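final_21.csv (CSV, C-alpha atoms and all ligand atoms) appears below.
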chain,number,residue,atom,x,y,z
A,1416,MET,CA,31.2,0.1,-90.7
A,1417,THR,CA,29.3,-0.1,-87.4
A,1418,GLU,CA,29.4,-3.9,-86.8
A,1419,ASP,CA,26.3,-4.6,-84.7
A,1420,ALA,CA,23.1,-4.6,-86.7
A,1421,LYS,CA,20.4,-2.3,-85.5
A,1422,LYS,CA,16.9,-3.6,-85.2
A,1423,LEU,CA,15.5,-0.6,-87.0
A,1424,ILE,CA,16.8,2.4,-88.9
A,1425,ILE,CA,14.3,5.2,-89.8
A,1426,ILE,CA,15.3,7.4,-92.7
A,1427,GLY,CA,13.6,10.8,-92.6
A,1428,SER,CA,12.4,13.0,-89.8
A,1429,GLY,CA,9.1,14.5,-90.7
A,1430,PRO,CA,5.8,13.6,-88.9
A,1431,ALA,CA,5.9,10.0,-90.4
A,1432,GLY,CA,9.4,9.2,-89.3
A,1433,LEU,CA,9.1,10.8,-85.8
A,1434,THR,CA,5.8,9.1,-85.1
A,1435,ALA,CA,7.4,5.8,-86.2
A,1436,ALA,CA,10.3,6.6,-83.8
A,1437,VAL,CA,8.0,7.2,-80.9
A,1438,TYR,CA,6.2,3.9,-81.4
A,1439,ALA,CA,9.4,1.9,-82.2
A,1440,ALA,CA,11.3,3.3,-79.2
A,1441,ARG,CA,8.4,2.5,-76.9
A,1442,ALA,CA,8.5,-1.1,-78.3
A,1443,ASN,CA,12.2,-1.4,-77.3
A,1444,LEU,CA,13.4,-1.5,-80.9
A,1445,ASN,CA,16.1,1.2,-80.1
A,1446,PRO,CA,15.7,2.9,-83.4
A,1447,LEU,CA,18.4,4.9,-85.1
A,1448,MET,CA,16.9,7.9,-86.9
A,1449,ILE,CA,19.0,9.3,-89.7
A,1450,GLU,CA,17.2,12.6,-89.9
A,1451,GLY,CA,18.9,14.4,-92.8
A,1452,ILE,CA,20.9,17.6,-92.7
A,1453,GLU,CA,17.6,19.6,-93.1
A,1454,ALA,CA,15.7,17.7,-90.4
A,1455,GLY,CA,12.0,18.0,-89.8
A,1456,GLY,CA,10.5,17.9,-93.3
A,1457,GLN,CA,8.0,20.2,-94.9
A,1458,LEU,CA,6.6,21.5,-91.6
A,1459,MET,CA,9.9,23.3,-91.0
A,1460,LEU,CA,8.8,25.6,-93.9
A,1461,THR,CA,5.3,26.2,-92.4
A,1462,THR,CA,4.2,28.9,-90.0
A,1463,ASP,CA,0.9,28.3,-88.2
A,1464,VAL,CA,-0.5,24.7,-88.1
A,1465,GLU,CA,-4.1,24.8,-87.0
A,1466,ASN,CA,-5.3,21.4,-88.1
A,1467,TYR,CA,-3.0,19.1,-86.1
A,1468,PRO,CA,-5.2,17.6,-83.3
A,1469,GLY,CA,-4.4,18.5,-79.8
A,1470,PHE,CA,-3.3,22.1,-80.3
A,1471,ILE,CA,-6.3,24.2,-79.6
A,1472,ASP,CA,-4.7,27.5,-80.5
A,1473,GLY,CA,-2.5,26.0,-83.3
A,1474,ILE,CA,1.2,25.6,-83.2
A,1475,MET,CA,4.1,26.7,-85.4
A,1476,GLY,CA,5.3,24.0,-87.8
A,1477,PRO,CA,9.0,24.0,-86.5
A,1478,GLU,CA,7.8,23.8,-82.9
A,1479,LEU,CA,5.5,20.9,-83.6
A,1480,MET,CA,8.5,19.0,-85.1
A,1481,GLU,CA,10.8,19.9,-82.2
A,1482,ARG,CA,8.1,18.5,-79.8
A,1483,MET,CA,7.8,15.3,-81.8
A,1484,ARG,CA,11.6,15.0,-81.9
A,1485,LYS,CA,11.9,15.4,-78.1
A,1486,GLN,CA,9.1,12.9,-77.5
A,1487,ALA,CA,10.8,10.3,-79.6
A,1488,ALA,CA,14.2,11.0,-77.8
A,1489,ARG,CA,12.5,10.6,-74.4
A,1490,PHE,CA,11.9,6.9,-75.2
A,1491,GLY,CA,15.5,6.3,-76.5
A,1492,THR,CA,15.5,7.2,-80.2
A,1493,GLU,CA,19.1,7.8,-81.3
A,1494,TYR,CA,19.5,10.6,-83.9
A,1495,LEU,CA,22.1,11.1,-86.6
A,1496,THR,CA,22.0,14.4,-88.3
A,1497,ASP,CA,23.3,13.4,-91.7
A,1498,ASN,CA,22.0,12.6,-95.2
A,1499,VAL,CA,21.8,9.0,-96.3
A,1500,THR,CA,23.9,8.6,-99.4
A,1501,GLY,CA,23.2,4.9,-100.2
A,1502,VAL,CA,21.2,1.9,-99.2
A,1503,ASP,CA,21.8,-1.8,-100.1
A,1504,LEU,CA,18.6,-3.7,-99.8
A,1505,SER,CA,20.0,-6.9,-101.4
A,1506,LYS,CA,22.0,-7.7,-98.3
A,1507,ARG,CA,20.7,-9.0,-94.9
A,1508,PRO,CA,21.0,-7.2,-92.7
A,1509,PHE,CA,20.4,-4.1,-94.9
A,1510,GLU,CA,23.2,-1.6,-95.2
A,1511,VAL,CA,22.6,2.2,-95.0
A,1512,THR,CA,25.5,4.6,-95.8
A,1513,THR,CA,25.7,8.2,-94.8
A,1514,GLY,CA,28.4,10.8,-95.6
A,1515,GLY,CA,30.8,9.3,-93.0
A,1516,GLU,CA,29.6,5.9,-91.9
A,1517,SER,CA,27.8,2.7,-92.7
A,1518,PHE,CA,25.1,1.0,-90.6
A,1519,LYS,CA,23.5,-2.4,-90.7
A,1520,ALA,CA,19.8,-2.9,-89.8
A,1521,HIS,CA,17.4,-5.8,-89.8
A,1522,SER,CA,14.5,-3.5,-90.8
A,1523,LEU,CA,14.0,-0.1,-92.3
A,1524,ILE,CA,11.3,2.6,-92.3
A,1525,ILE,CA,11.5,5.0,-95.1
A,1526,SER,CA,9.8,8.4,-94.4
A,1527,THR,CA,11.9,10.7,-96.7
A,1528,GLY,CA,8.8,12.7,-97.7
A,1529,ALA,CA,8.2,14.7,-100.8
A,1530,SER,CA,9.1,18.2,-101.8
A,1531,ALA,CA,6.6,20.6,-103.4
A,1532,LYS,CA,8.0,21.8,-106.7
A,1533,MET,CA,8.8,25.5,-106.4
A,1534,LEU,CA,8.9,28.2,-109.1
A,1535,GLY,CA,12.4,29.5,-108.2
A,1536,VAL,CA,11.4,33.2,-108.6
A,1537,PRO,CA,12.5,36.1,-106.4
A,1538,GLY,CA,10.3,36.5,-103.2
A,1539,GLU,CA,9.1,32.9,-103.2
A,1540,ARG,CA,11.4,31.5,-100.5
A,1541,GLU,CA,11.3,34.6,-98.4
A,1542,LEU,CA,7.5,34.8,-98.3
A,1543,LEU,CA,6.9,31.0,-97.9
A,1544,GLY,CA,4.6,30.8,-94.9
A,1545,HIS,CA,3.9,34.5,-95.2
A,1546,GLY,CA,1.4,34.3,-98.0
A,1547,VAL,CA,3.2,31.8,-100.2
A,1548,SER,CA,1.9,28.3,-99.6
A,1549,THR,CA,2.0,24.9,-101.2
A,1550,CYS,CA,-1.1,23.5,-99.4
A,1551,ALA,CA,-4.6,25.0,-99.7
A,1552,THR,CA,-6.0,22.5,-97.2
A,1553,CYS,CA,-3.4,23.6,-94.6
A,1554,ASP,CA,-3.5,27.4,-95.2
A,1555,GLY,CA,-6.7,28.3,-97.0
A,1556,PHE,CA,-8.4,29.2,-93.7
A,1557,PHE,CA,-6.0,32.1,-93.2
A,1558,PHE,CA,-7.1,33.9,-96.4
A,1559,LYS,CA,-10.7,34.9,-95.6
A,1560,GLU,CA,-12.0,37.5,-98.2
A,1561,ALA,CA,-8.5,37.7,-99.8
A,1562,GLN,CA,-7.6,37.8,-103.5
A,1563,LEU,CA,-5.5,34.8,-104.3
A,1564,ALA,CA,-3.4,33.4,-107.1
A,1565,VAL,CA,-3.0,29.7,-107.8
A,1566,ILE,CA,-0.1,28.7,-110.1
A,1567,GLY,CA,-0.5,25.6,-112.2
A,1568,GLY,CA,-2.9,23.9,-114.6
A,1569,GLY,CA,-3.2,20.4,-113.3
A,1570,ASP,CA,-5.7,18.6,-111.0
A,1571,SER,CA,-4.0,20.0,-107.8
A,1572,ALA,CA,-4.2,23.6,-109.1
A,1573,LEU,CA,-7.9,23.4,-109.9
A,1574,GLU,CA,-8.7,21.4,-106.8
A,1575,GLU,CA,-6.9,24.0,-104.6
A,1576,ALA,CA,-8.5,26.9,-106.5
A,1577,THR,CA,-11.9,25.5,-105.9
A,1578,PHE,CA,-11.3,24.8,-102.3
A,1579,LEU,CA,-9.9,28.3,-101.7
A,1580,THR,CA,-13.1,29.9,-103.0
A,1581,LYS,CA,-14.7,28.8,-99.7
A,1582,PHE,CA,-12.6,31.6,-98.1
A,1583,ALA,CA,-11.2,33.9,-100.7
A,1584,SER,CA,-13.2,36.6,-102.5
A,1585,LYS,CA,-11.4,35.8,-105.8
A,1586,VAL,CA,-9.0,33.2,-107.0
A,1587,THR,CA,-7.0,33.6,-110.2
A,1588,VAL,CA,-5.5,30.5,-111.7
A,1589,VAL,CA,-2.2,31.4,-113.6
A,1590,HIS,CA,-1.2,28.7,-116.1
A,1591,ARG,CA,1.8,28.7,-118.4
A,1592,ARG,CA,-0.2,27.4,-121.4
A,1593,ASP,CA,-3.6,28.1,-122.9
A,1594,ARG,CA,-4.9,24.7,-122.1
A,1595,LEU,CA,-5.3,22.9,-118.8
A,1596,ARG,CA,-3.8,19.6,-117.9
A,1597,ALA,CA,-6.5,18.9,-115.3
A,1598,SER,CA,-9.3,16.3,-115.7
A,1599,LYS,CA,-12.5,17.5,-117.4
A,1600,ILE,CA,-14.6,17.3,-114.3
A,1601,LEU,CA,-12.3,19.6,-112.3
A,1602,GLN,CA,-12.1,21.9,-115.3
A,1603,GLU,CA,-15.9,22.2,-115.5
A,1604,ARG,CA,-16.2,22.8,-111.8
A,1605,ALA,CA,-13.6,25.6,-111.9
A,1606,PHE,CA,-15.1,27.2,-115.1
A,1607,ASP,CA,-18.5,27.2,-113.4
A,1608,ASN,CA,-17.2,28.8,-110.2
A,1609,GLU,CA,-17.9,32.6,-110.3
A,1610,LYS,CA,-15.0,33.3,-107.9
A,1611,ILE,CA,-12.4,31.7,-110.2
A,1612,ASP,CA,-10.8,33.4,-113.2
A,1613,PHE,CA,-7.8,32.4,-115.4
A,1614,ILE,CA,-4.7,34.1,-116.7
A,1615,TRP,CA,-3.4,32.0,-119.6
A,1616,ASP,CA,0.1,31.7,-121.2
A,1617,SER,CA,1.7,33.3,-118.1
A,1618,VAL,CA,4.4,32.5,-115.6
A,1619,PRO,CA,5.2,34.3,-112.4
A,1620,VAL,CA,8.5,36.1,-112.5
A,1621,GLU,CA,8.4,37.6,-109.0
A,1622,ILE,CA,6.4,37.4,-105.8
A,1623,ALA,CA,6.4,40.8,-104.1
A,1624,GLY,CA,5.6,42.0,-100.6
A,1625,ASN,CA,7.1,43.4,-97.4
A,1626,GLY,CA,6.8,40.7,-94.8
A,1627,LYS,CA,3.7,39.3,-96.5
A,1628,VAL,CA,2.6,38.7,-100.0
A,1629,GLU,CA,1.2,41.8,-101.7
A,1630,ALA,CA,1.4,41.1,-105.4
A,1631,ILE,CA,2.7,38.8,-108.1
A,1632,ARG,CA,4.4,39.8,-111.3
A,1633,LEU,CA,3.5,37.8,-114.3
A,1634,LYS,CA,5.1,37.5,-117.8
A,1635,ASN,CA,3.1,36.4,-120.8
A,1636,THR,CA,5.0,33.6,-122.5
A,1637,LYS,CA,3.9,34.6,-126.0
A,1638,SER,CA,4.1,38.4,-126.0
A,1639,GLY,CA,6.7,38.8,-123.2
A,1640,ASP,CA,4.5,41.5,-121.7
A,1641,GLU,CA,4.5,41.8,-117.9
A,1642,GLN,CA,1.6,42.6,-115.5
A,1643,GLU,CA,1.2,42.9,-111.8
A,1644,LEU,CA,-1.6,41.2,-109.9
A,1645,ALA,CA,-2.4,42.4,-106.4
A,1646,VAL,CA,-3.0,39.3,-104.3
A,1647,GLY,CA,-2.8,38.5,-100.6
A,1648,GLY,CA,-1.6,34.9,-101.2
A,1649,VAL,CA,0.0,32.7,-103.8
A,1650,PHE,CA,-0.6,29.0,-103.8
A,1651,ILE,CA,1.9,27.0,-105.8
A,1652,ALA,CA,0.5,23.8,-107.3
A,1653,ILE,CA,2.9,22.7,-109.9
A,1654,GLY,CA,3.5,19.2,-108.6
A,1655,HIS,CA,5.5,17.4,-106.0
A,1656,ILE,CA,8.7,15.3,-106.1
A,1657,PRO,CA,8.9,12.3,-103.8
A,1658,ASN,CA,12.4,11.9,-102.3
A,1659,THR,CA,13.1,8.4,-103.6
A,1660,SER,CA,16.2,8.7,-105.8
A,1661,LEU,CA,18.1,6.5,-103.2
A,1662,PHE,CA,15.6,3.7,-103.8
A,1663,GLU,CA,15.5,3.6,-107.6
A,1664,GLY,CA,16.2,0.1,-108.8
A,1665,SER,CA,15.8,-1.5,-105.3
A,1666,LEU,CA,12.1,-0.7,-104.4
A,1667,ASP,CA,9.0,-0.7,-106.6
A,1668,LEU,CA,8.1,2.9,-107.4
A,1669,VAL,CA,5.2,4.4,-109.4
A,1670,GLY,CA,5.5,8.0,-110.5
A,1671,GLY,CA,8.5,8.2,-108.1
A,1672,TYR,CA,6.4,7.2,-105.1
A,1673,ILE,CA,7.1,4.1,-103.1
A,1674,VAL,CA,4.5,1.4,-103.6
A,1675,THR,CA,2.8,-0.1,-100.6
A,1676,PRO,CA,-0.5,-2.0,-100.4
A,1677,GLU,CA,-3.7,-0.1,-99.6
A,1678,GLY,CA,-3.8,0.3,-95.9
A,1679,GLY,CA,-0.3,-1.1,-95.3
A,1680,THR,CA,3.3,0.0,-95.2
A,1681,GLN,CA,5.2,-3.1,-96.5
A,1682,THR,CA,7.3,-2.2,-99.6
A,1683,SER,CA,8.4,-4.6,-102.3
A,1684,VAL,CA,11.3,-5.7,-100.1
A,1685,GLU,CA,10.4,-7.7,-97.0
A,1686,GLY,CA,11.5,-5.9,-93.8
A,1687,VAL,CA,11.4,-2.4,-95.5
A,1688,PHE,CA,8.4,-0.3,-94.6
A,1689,ALA,CA,7.4,3.2,-95.8
A,1690,GLY,CA,5.0,5.9,-94.8
A,1691,GLY,CA,4.1,9.5,-95.2
A,1692,ASP,CA,4.4,11.7,-98.3
A,1693,VAL,CA,7.0,9.4,-99.9
A,1694,VAL,CA,4.1,7.0,-100.4
A,1695,ASP,CA,1.1,9.2,-100.2
A,1696,PHE,CA,0.2,11.5,-103.2
A,1697,ARG,CA,-3.4,11.8,-102.1
A,1698,TYR,CA,-3.7,13.3,-98.6
A,1699,ARG,CA,-0.3,14.8,-97.9
A,1700,GLN,CA,-1.2,16.0,-94.4
A,1701,ALA,CA,1.0,15.9,-91.3
A,1702,VAL,CA,-1.6,13.9,-89.4
A,1703,THR,CA,-2.0,11.3,-92.1
A,1704,ALA,CA,1.8,11.0,-92.4
A,1705,ALA,CA,2.0,10.6,-88.6
A,1706,GLY,CA,-0.7,7.8,-88.8
A,1707,MET,CA,1.3,6.0,-91.5
A,1708,GLY,CA,4.5,6.3,-89.4
A,1709,CYS,CA,2.6,4.6,-86.6
A,1710,MET,CA,1.5,1.9,-88.9
A,1711,ALA,CA,5.1,1.4,-90.3
A,1712,ALA,CA,6.5,1.0,-86.7
A,1713,ILE,CA,3.9,-1.6,-85.8
A,1714,ASP,CA,4.5,-3.4,-89.0
A,1715,ALA,CA,8.3,-3.4,-88.4
A,1716,GLU,CA,7.8,-4.6,-84.9
A,1717,ARG,CA,5.7,-7.5,-86.0
A,1718,TYR,CA,8.1,-8.4,-88.8
A,1719,LEU,CA,11.1,-8.4,-86.4
A,1720,GLU,CA,9.1,-10.4,-83.9
A,1721,ALA,CA,8.1,-13.0,-86.5
A,1722,ALA,CA,11.7,-13.2,-87.8
A,1723,ARG,CA,13.0,-13.5,-84.2
A,1724,LEU,CA,15.1,-10.5,-84.8
A,1725,ALA,CA,13.5,-8.2,-82.1
A,1801,LIG,P1,0.7,17.8,-112.5
A,1801,LIG,O1,-0.4,17.0,-113.0
A,1801,LIG,O2,2.1,17.5,-112.8
A,1801,LIG,O3,0.5,19.3,-113.0
A,1801,LIG,C1,1.4,20.3,-112.7
A,1801,LIG,C2,0.9,21.6,-113.4
A,1801,LIG,O4,1.9,22.7,-113.1
A,1801,LIG,C3,0.9,21.5,-114.9
A,1801,LIG,O5,-0.2,22.2,-115.4
A,1801,LIG,C4,2.2,22.2,-115.4
A,1801,LIG,O6,2.1,22.8,-116.6
A,1801,LIG,C5,2.4,23.2,-114.3
A,1801,LIG,N1,3.8,23.5,-114.1
A,1801,LIG,C6,4.8,22.6,-113.8
A,1801,LIG,N2,6.0,23.2,-113.6
A,1801,LIG,C7,5.7,24.5,-113.7
A,1801,LIG,C8,6.5,25.7,-113.6
A,1801,LIG,N3,7.8,25.6,-113.4
A,1801,LIG,N4,5.9,26.9,-113.8
A,1801,LIG,C9,4.6,27.0,-114.1
A,1801,LIG,N5,3.8,25.9,-114.2
A,1801,LIG,C10,4.3,24.7,-114.0
A,1801,LIG,O7,0.7,17.9,-110.9
A,1801,LIG,P2,-0.5,17.9,-109.9
A,1801,LIG,O8,-1.6,18.7,-110.4
A,1801,LIG,O9,0.0,18.1,-108.5
A,1801,LIG,O10,-1.0,16.4,-110.0
A,1801,LIG,C11,-0.1,15.3,-109.7
A,1801,LIG,C12,-0.9,14.0,-109.8
A,1801,LIG,O11,-1.9,13.8,-108.8
A,1801,LIG,C13,-1.6,13.9,-111.2
A,1801,LIG,O12,-1.6,12.5,-111.6
A,1801,LIG,C14,-3.0,14.2,-110.8
A,1801,LIG,O13,-4.0,13.7,-111.7
A,1801,LIG,C15,-3.2,13.7,-109.4
A,1801,LIG,N6,-4.2,14.5,-108.6
A,1801,LIG,C16,-5.5,14.1,-108.7
A,1801,LIG,C17,-6.5,14.8,-108.1
A,1801,LIG,C18,-7.9,14.3,-108.2
A,1801,LIG,O14,-8.2,13.4,-108.9
A,1801,LIG,N7,-8.8,14.9,-107.4
A,1801,LIG,C19,-6.1,15.9,-107.3
A,1801,LIG,C20,-4.8,16.3,-107.2
A,1801,LIG,C21,-3.8,15.6,-107.9
A,1801,LIG,P3,1.9,22.0,-118.0
A,1801,LIG,O15,0.5,21.6,-118.0
A,1801,LIG,O16,2.2,23.0,-119.0
A,1801,LIG,O17,2.9,20.9,-117.9
Rendering of file as structure tokens:
Amino acid sequence: MTEDAKKLIIIGSGPAGLTAAVYAARANLNPLMIEGIEAGGQLMLTTDVENYPGFIDGIMGPELMERMRKQAARFGTEYLTDNVTGVDLSKRPFEVTTGGESFKAHSLIISTGASAKMLGVPGERELLGHGVSTCATCDGFFFKEAQLAVIGGGDSALEEATFLTKFASKVTVVHRRDRLRASKILQERAFDNEKIDFIWDSVPVEIAGNGKVEAIRLKNTKSGDEQELAVGGVFIAIGHIPNTSLFEGSLDLVGGYIVTPEGGTQTSVEGVFAGGDVVDFRYRQAVTAAGMGCMAAIDAERYLEAARLA
């Protein structure tokens, strides 16, 4: 056990955590960031990022994260490249355990993000960022006049399909059943859109392409028949999993997401703040996560100040 309690530990190193670190370090909170073995979050799996303000010609996702990391380091953020294995929020100071050590902290910021659910089929990982995407808002612009597939039958799938018709010449929604899960209004909008068609009762079994997506192979779940669909991009919209298993039983969660008040970052435990995709199932953007990280750091600073712990 490291004896002295830290003022602040930040768990998770995506845009929310690193922005929190910049703000907290500049406020002299000497934050310790436990960044995870796979540091950097979802942007590490992205290629071009063109919608993060300040980068006129865009920037690669991993480079953006490296810059944020260096910026937070410049103001004195301390990094630990390890996974958190446990947290005890019933004690004061809080206790955070990693593979090898335990740390005490008077406040915590949780920015552990969410992971897009993936299909687990051949080609998917290799072509991620090269035609395979989990975010239409982020990547739709790169697919002008392309033929695209969207996988899933929920609200996200239909919202993404509809959004993608602004760019694509055709969008095929592939759903594993013959009935959509999405809300009626989104269904009607998609059925009315001439650029959207549907392939029912089908699941992808392979995403094919040489350096970029060229086709998707589908299997009919009823007949077992397979077909190949020539597409330039595949958008996977089968849901997200917030990374909150560490906090089950100690923080209020809804649908797995950490609960915070509208416009705030305080969790159900005083002194524990959260921001980014671990809270946000609505916007899921790097810039909104960064904004929430900033809010969490300001909230933590005010909490520590009021409790005379800063
Ligand atoms: P979701 O509602 O869980 O839907 C996931 C879809 O993907 C389902 O149709 C599911 O099929 C399919 N799926 C899951 N695993 C699959 C797999 N391995 N292979 C193929 N298909 C698979 O997720 P979501 O659409 O991301 O929505 C999440 C939440 O956010 C929902 O509460 C939703 O209402 C909300 N949301 C709302 C809006 C809006 O109101 N504008 C927009 C986006 C999201 P089955 O149907 O067969 O299970």
- Query: Which polymer residues have any atom within 6 Å of an atom of stretch 1438-1445 of chain A, counting only C-alpha atoms, with same-chain residues fewer than 5 positions away left out, as a ChimeraX atom specification?
  - Reply: /A:1422,1490-1492,1712
So which residues are near ligand LIG 1801 (chain A), meaning at most 10 Å away with all atoms listed in the file counted, given back as a PDB file with C-alpha atoms, in the frame of the given file?
ATOM      1  CA  ALA A1531       6.600  20.600-103.400  1.00  0.00           C
ATOM      2  CA  LYS A1532       8.000  21.800-106.700  1.00  0.00           C
ATOM      3  CA  MET A1533       8.800  25.500-106.400  1.00  0.00           C
ATOM      4  CA  LEU A1534       8.900  28.200-109.100  1.00  0.00           C
ATOM      5  CA  GLY A1535      12.400  29.500-108.200  1.00  0.00           C
ATOM      6  CA  VAL A1536      11.400  33.200-108.600  1.00  0.00           C
ATOM      7  CA  ILE A1566      -0.100  28.700-110.100  1.00  0.00           C
ATOM      8  CA  GLY A1567      -0.500  25.600-112.200  1.00  0.00           C
ATOM      9  CA  GLY A1568      -2.900  23.900-114.600  1.00  0.00           C
ATOM     10  CA  GLY A1569      -3.200  20.400-113.300  1.00  0.00           C
ATOM     11  CA  ASP A1570      -5.700  18.600-111.000  1.00  0.00           C
ATOM     12  CA  SER A1571      -4.000  20.000-107.800  1.00  0.00           C
ATOM     13  CA  ALA A1572      -4.200  23.600-109.100  1.00  0.00           C
ATOM     14  CA  LEU A1573      -7.900  23.400-109.900  1.00  0.00           C
ATOM     15  CA  GLU A1574      -8.700  21.400-106.800  1.00  0.00           C
ATOM     16  CA  GLU A1575      -6.900  24.000-104.600  1.00  0.00           C
ATOM     17  CA  VAL A1589      -2.200  31.400-113.600  1.00  0.00           C
ATOM     18  CA  HIS A1590      -1.200  28.700-116.100  1.00  0.00           C
ATOM     19  CA  ARG A1591       1.800  28.700-118.400  1.00  0.00           C
ATOM     20  CA  ARG A1592      -0.200  27.400-121.400  1.00  0.00           C
ATOM     21  CA  ASP A1593      -3.600  28.100-122.900  1.00  0.00           C
ATOM     22  CA  ARG A1594      -4.900  24.700-122.100  1.00  0.00           C
ATOM     23  CA  LEU A1595      -5.300  22.900-118.800  1.00  0.00           C
ATOM     24  CA  ARG A1596      -3.800  19.600-117.900  1.00  0.00           C
ATOM     25  CA  ALA A1597      -6.500  18.900-115.300  1.00  0.00           C
ATOM     26  CA  SER A1598      -9.300  16.300-115.700  1.00  0.00           C
ATOM     27  CA  ILE A1600     -14.600  17.300-114.300  1.00  0.00           C
ATOM     28  CA  LEU A1601     -12.300  19.600-112.300  1.00  0.00           C
ATOM     29  CA  ASP A1616       0.100  31.700-121.200  1.00  0.00           C
ATOM     30  CA  SER A1617       1.700  33.300-118.100  1.00  0.00           C
ATOM     31  CA  VAL A1618       4.400  32.500-115.600  1.00  0.00           C
ATOM     32  CA  PRO A1619       5.200  34.300-112.400  1.00  0.00           C
ATOM     33  CA  VAL A1620       8.500  36.100-112.500  1.00  0.00           C
ATOM     34  CA  ILE A1651       1.900  27.000-105.800  1.00  0.00           C
ATOM     35  CA  ALA A1652       0.500  23.800-107.300  1.00  0.00           C
ATOM     36  CA  ILE A1653       2.900  22.700-109.900  1.00  0.00           C
ATOM     37  CA  GLY A1654       3.500  19.200-108.600  1.00  0.00           C
ATOM     38  CA  HIS A1655       5.500  17.400-106.000  1.00  0.00           C
ATOM     39  CA  ILE A1656       8.700  15.300-106.100  1.00  0.00           C
ATOM     40  CA  GLY A1670       5.500   8.000-110.500  1.00  0.00           C
ATOM     41  CA  PHE A1696       0.200  11.500-103.200  1.00  0.00           C
ATOM     42  CA  ARG A1697      -3.400  11.800-102.100  1.00  0.00           C
ATOM     43  CA  TYR A1698      -3.700  13.300 -98.600  1.00  0.00           C
TER      44      TYR A1698
END
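Of the listed residues A:Ser1428, A:Thr1636, A:Asn1466, A:Thr1434, the one whose atoms come nearest to A:Ala1705 is A:Thr1434, with distances taken using only C-alpha atoms.
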- Query: Quick one: residues within 9 Å of stretch 1447-1452 of chain A, only C-alpha atoms counted, chain neighbours fewer than 4 positions away excluded, as a list in words?
  - Reply: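 Once the adjacent positions are removed, what remains is Lys1421, Lys1422, Leu1423, Ile1424, Ile1425, Ile1426, Gly1427, Ser1428, Gly1429, Gly1432, Leu1433, Ala1436, Thr1492, Glu1493, Tyr1494, Leu1495, Thr1496, Asp1497, Asn1498, Val1499, Thr1513 and Thr1527 of chain A.
Distances from A:Lys1585, A:Lys1506, A:Lys1610, A:His1545 to A:Gln1562 were compared using only C-alpha atoms, and the smallest one belongs to A:Lys1585.
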- Determine the nearest neighbour of A:Ala1725 from the options A:Cys1553, A:Ala1520, A:Ala1583, A:Ile1474, counting all atoms listed in the file. A:Ala1520
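In this structure, atom CA of A:Asp1472 sits 16.5 Å away from atom CA of A:Val1702.
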- Message: For a quick check of understanding, using all atoms listed in the file, which of A:Ser1665, A:Ser1522, A:Ser1638, A:Thr1552 has the smallest distance to A:Ala1711?
- Response: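 Distance minimum relative to A:Ala1711 lands on A:Ser1522.
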- Just give me the gap between atom CA of A:Gly1686 and atom CA of A:Pro1446 in Å, one decimal is fine. 14.3 Å
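For the pair atom CA of A:Ile1525 and atom CA of A:Phe1688, the interatomic distance is 6.2 Å.
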- List the neighbours of A:Val1646 out to 12 Å using only C-alpha atoms; skip same-chain residues closer than 2 positions along the sequence, and give me the result as a list in words. Gly1546, Val1547, Phe1558, Glu1560, Ala1561, Gln1562, Leu1563, Ala1564, Val1565, Ala1583, Ser1584, Lys1585, Val1586, Thr1587, Val1588, Ile1622, Ala1623, Gly1624, Lys1627, Val1628, Glu1629, Ala1630, Ile1631, Arg1632, Glu1643, Leu1644, Gly1648, Val1649 and Phe1650 of chain A
- Message: The residues within 10 Å of (0.0, -0.1, -94.6), using only C-alpha atoms and the coordinates of the file, should be reported as a ChimeraX atom specification; which are they?
- Response: /A:1675-1682,1688-1690,1706-1711,1713-1714
- Identify which of the residues A:Ala1645, A:Ala1420, A:Ile1614, A:Ala1704 lies closest to A:Leu1724, counting only C-alpha atoms when measuring atom-to-atom distances. A:Ala1420
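Nearest residue to A:Gly1473 among A:Ile1673, A:Thr1461, A:Leu1542, A:Ala1551 is A:Thr1461, counting only C-alpha atoms.
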- Message: Residues near stretch 1475-1484 of chain A, anyone? I mean within 6 Å using all atoms listed in the file, not counting same-chain ones fewer than 2 positions away, as an MDAnalysis selection string.
- Response: chainID A and resid 1455 1458:1459 1461:1464 1486:1487
